[in-house]
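*Asks:* Take this structure, written in structure tokens, and hold onto it; I'll ask about it next.
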Amino acid sequence: MVLSDIEQDVGGHHVYGSLEEVSDKYKYSHRDFNFYRRLLDLFAKGQDLSLLADTKRATGNGWDLDKWKLVPIAHRMYVEQPDIKWYIFLEADAYMGWPNLLDLLSKFDPDKPWYLGATHVYGDVAFAHGGMGYIISNGAMRMLDTIWNPQNIAR
């Protein structure tokens, strides 16, 4: 399953939106979504999204969005595929050595709560760092799902 900031089809693959479960109240007023709103505007106009790298019109950046979308992405993955042993999250520019990863994961019990990966602190918020990739066990996803609700996203 591929998720991104904008739902669209790319090269015959459907890319799901990662911010659907975040309240419009935040998406259309909170400063963390300035970049997202500019992205939507360019996309709606059929313009090249790489223009965001060259313009000062979009204050903020993709990092501002990460703290809003990582938990909703994890929740959606769990709802769509609740029986997966390991949930692997990678950014588009990440590389994974699959034989080594599979060997490593064989040493852990996926029914126990495991988070394998880096943590990034942005302001006063600590979150999973997708740039290096991270892995969440089924046991940890079950725990995460018990606290899932839109109020927790907002908080």
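Ordered as shown in the structure tokens, chains take letters A, B, and onward, while each chain numbers its residues from 1 and ligands are numbered from 1 in the order shown.
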Using DSSP on the backbone, list every residue of segment 41-115 of chain A that comes out as alpha helix (DSSP H), and give them as a PyMOL selection string.

*Replies:* chain A and resi 41-44+62-80+98-105

*Asks:* I'd like the neighbourhood of Asn152 of chain A as a ChimeraX atom specification, where a residue qualifies if any of its atoms comes within 12 Å (using only C-alpha atoms), though same-chain residues fewer than 3 positions away should be ignored.

*Replies:* /A:21-23,68,71-72,144-149,155

*Asks:* Please list as an MDAnalysis selection string every residue within 6 Å of Trp86 of chain A, counting only C-alpha atoms and excluding residues in the same chain fewer than 4 positions away.

*Replies:* chainID A and resid 136:138

*Asks:* Find the distance between atom CA of Leu3 of chain A and atom CA of Leu65 of chain A and write it in Å to one decimal.

*Replies:*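 The value is 13.3 Å.
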
*Asks:* Using only C-alpha atoms, which residue out of A:Met1, A:Ile135, A:Leu52, A:Ala140 lies closest to Met96 of chain A?

*Replies:*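 The closest residue to Met96 of chain A is A:Ile135.
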
*Asks:* Tell me which protein, DNA and RNA residues are within 12 Å of Ile84 of chain A, counting only C-alpha atoms, leaving out same-chain ones fewer than 3 positions away, and put them as a PyMOL selection string.

*Replies:* chain A and resi 77-81+87-88+110-111+135-142

*Asks:* Write out, as a short mmCIF file (atom, residue, chain, number, x, y, z; two decimals), in the first residue's frame, the residues just selected, with N, CA, C and O atoms.

*Replies:*
data_model
loop_
_atom_site.label_atom_id
_atom_site.label_comp_id
_atom_site.auth_asym_id
_atom_site.auth_seq_id
_atom_site.Cartn_x
_atom_site.Cartn_y
_atom_site.Cartn_z
N MET A 77 -3.02 1.40 7.82
CA MET A 77 -2.37 0.14 7.46
C MET A 77 -2.90 -1.01 8.32
O MET A 77 -3.16 -2.10 7.82
N TYR A 78 -3.07 -0.75 9.61
CA TYR A 78 -3.55 -1.80 10.51
C TYR A 78 -5.00 -2.18 10.18
O TYR A 78 -5.34 -3.36 10.14
N VAL A 79 -5.83 -1.20 9.89
CA VAL A 79 -7.24 -1.47 9.54
C VAL A 79 -7.32 -2.27 8.25
O VAL A 79 -8.10 -3.22 8.14
N GLU A 80 -6.51 -1.90 7.28
CA GLU A 80 -6.53 -2.58 5.97
C GLU A 80 -5.94 -3.99 6.04
O GLU A 80 -6.38 -4.88 5.34
N GLN A 81 -4.91 -4.15 6.86
CA GLN A 81 -4.19 -5.43 6.94
C GLN A 81 -3.89 -5.77 8.41
O GLN A 81 -2.75 -5.69 8.85
N TYR A 87 4.91 -4.27 10.01
CA TYR A 87 4.53 -3.14 9.15
C TYR A 87 5.81 -2.34 8.89
O TYR A 87 6.44 -1.84 9.83
N ILE A 88 6.18 -2.25 7.63
CA ILE A 88 7.43 -1.60 7.24
C ILE A 88 7.09 -0.29 6.54
O ILE A 88 6.36 -0.28 5.55
N PRO A 110 6.79 -11.00 16.58
CA PRO A 110 5.92 -9.92 16.09
C PRO A 110 4.67 -9.71 16.94
O PRO A 110 4.00 -8.68 16.80
N ASP A 111 4.35 -10.64 17.83
CA ASP A 111 3.19 -10.46 18.70
C ASP A 111 3.51 -9.57 19.90
O ASP A 111 2.59 -9.13 20.60
N ILE A 135 9.97 0.08 11.44
CA ILE A 135 9.18 -1.15 11.42
C ILE A 135 8.42 -1.23 12.74
O ILE A 135 8.97 -0.97 13.81
N ILE A 136 7.15 -1.58 12.64
CA ILE A 136 6.30 -1.73 13.82
C ILE A 136 5.72 -3.14 13.80
O ILE A 136 5.17 -3.58 12.79
N SER A 137 5.84 -3.83 14.91
CA SER A 137 5.30 -5.19 15.00
C SER A 137 3.78 -5.16 15.09
O SER A 137 3.18 -4.13 15.44
N ASN A 138 3.17 -6.29 14.82
CA ASN A 138 1.72 -6.40 14.95
C ASN A 138 1.30 -6.12 16.39
O ASN A 138 0.28 -5.46 16.63
N GLY A 139 2.09 -6.59 17.35
CA GLY A 139 1.77 -6.34 18.75
C GLY A 139 1.74 -4.86 19.09
O GLY A 139 0.87 -4.39 19.81
N ALA A 140 2.68 -4.10 18.53
CA ALA A 140 2.71 -2.66 18.76
C ALA A 140 1.56 -1.97 18.03
O ALA A 140 0.96 -1.03 18.56
N MET A 141 1.23 -2.44 16.85
CA MET A 141 0.11 -1.84 16.11
C MET A 141 -1.21 -2.06 16.84
O MET A 141 -2.06 -1.17 16.85
N ARG A 142 -1.38 -3.22 17.44
CA ARG A 142 -2.60 -3.47 18.22
C ARG A 142 -2.69 -2.47 19.37
O ARG A 142 -3.77 -1.95 19.66
#

*Asks:* Rank A:Gly11, A:Gly117, A:Ile73, A:Arg38 by their smallest atom-to-atom distance to Ser50 of chain A, using only C-alpha atoms, and report the top residue only.

*Replies:*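 Selected residue with least distance to Ser50 of chain A: A:Arg38.
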
*Asks:* For the structure I just gave you, how does DSSP split chain A - specifically, which residues are strand (DSSP E)? Reply as a PyMOL selection string.

*Replies:* chain A and resi 2-4+8-10+13-17+86-89+115-117+119-122+125-128+134-137

*Asks:* Within 12 Å of His14 of chain A, counting only C-alpha atoms, which residues qualify if same-chain residues fewer than 5 places away don't, as a list in words?

*Replies:*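 Using only C-alpha atoms, the neighbours found are Met1, Val2, Leu3, Ser4, Ile6, Glu7, Gln8 and Asp9 of chain A.
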
*Asks:* Under the rule that only C-alpha atoms are counted, which of A:Ala128, A:Gln151, A:Tyr122, A:Lys27 is the nearest residue to Ala74 of chain A?

*Replies:*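 Of A:Ala128, A:Gln151, A:Tyr122, A:Lys27, the one nearest Ala74 of chain A is A:Ala128, counting only C-alpha atoms.
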
*Asks:* One decimal, in Å: what's the spacing between atom CA of Leu42 of chain A and atom CA of Gly131 of chain A?

*Replies:*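 Separating atom CA of Leu42 of chain A from atom CA of Gly131 of chain A is a distance of 24.4 Å.
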
*Asks:* Quick one, how far is atom CA of Thr119 of chain A from atom CA of Gly133 of chain A?

*Replies:*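 Atom CA of Gly133 of chain A lies at a distance of 10.1 Å from atom CA of Thr119 of chain A.
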
*Asks:* Rank A:Leu90, A:Pro99, A:Lys67, A:Gly17 by their smallest atom-to-atom distance to Phe33 of chain A, using only C-alpha atoms, and report the top residue only.

*Replies:*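 The closest residue to Phe33 of chain A is A:Lys67.
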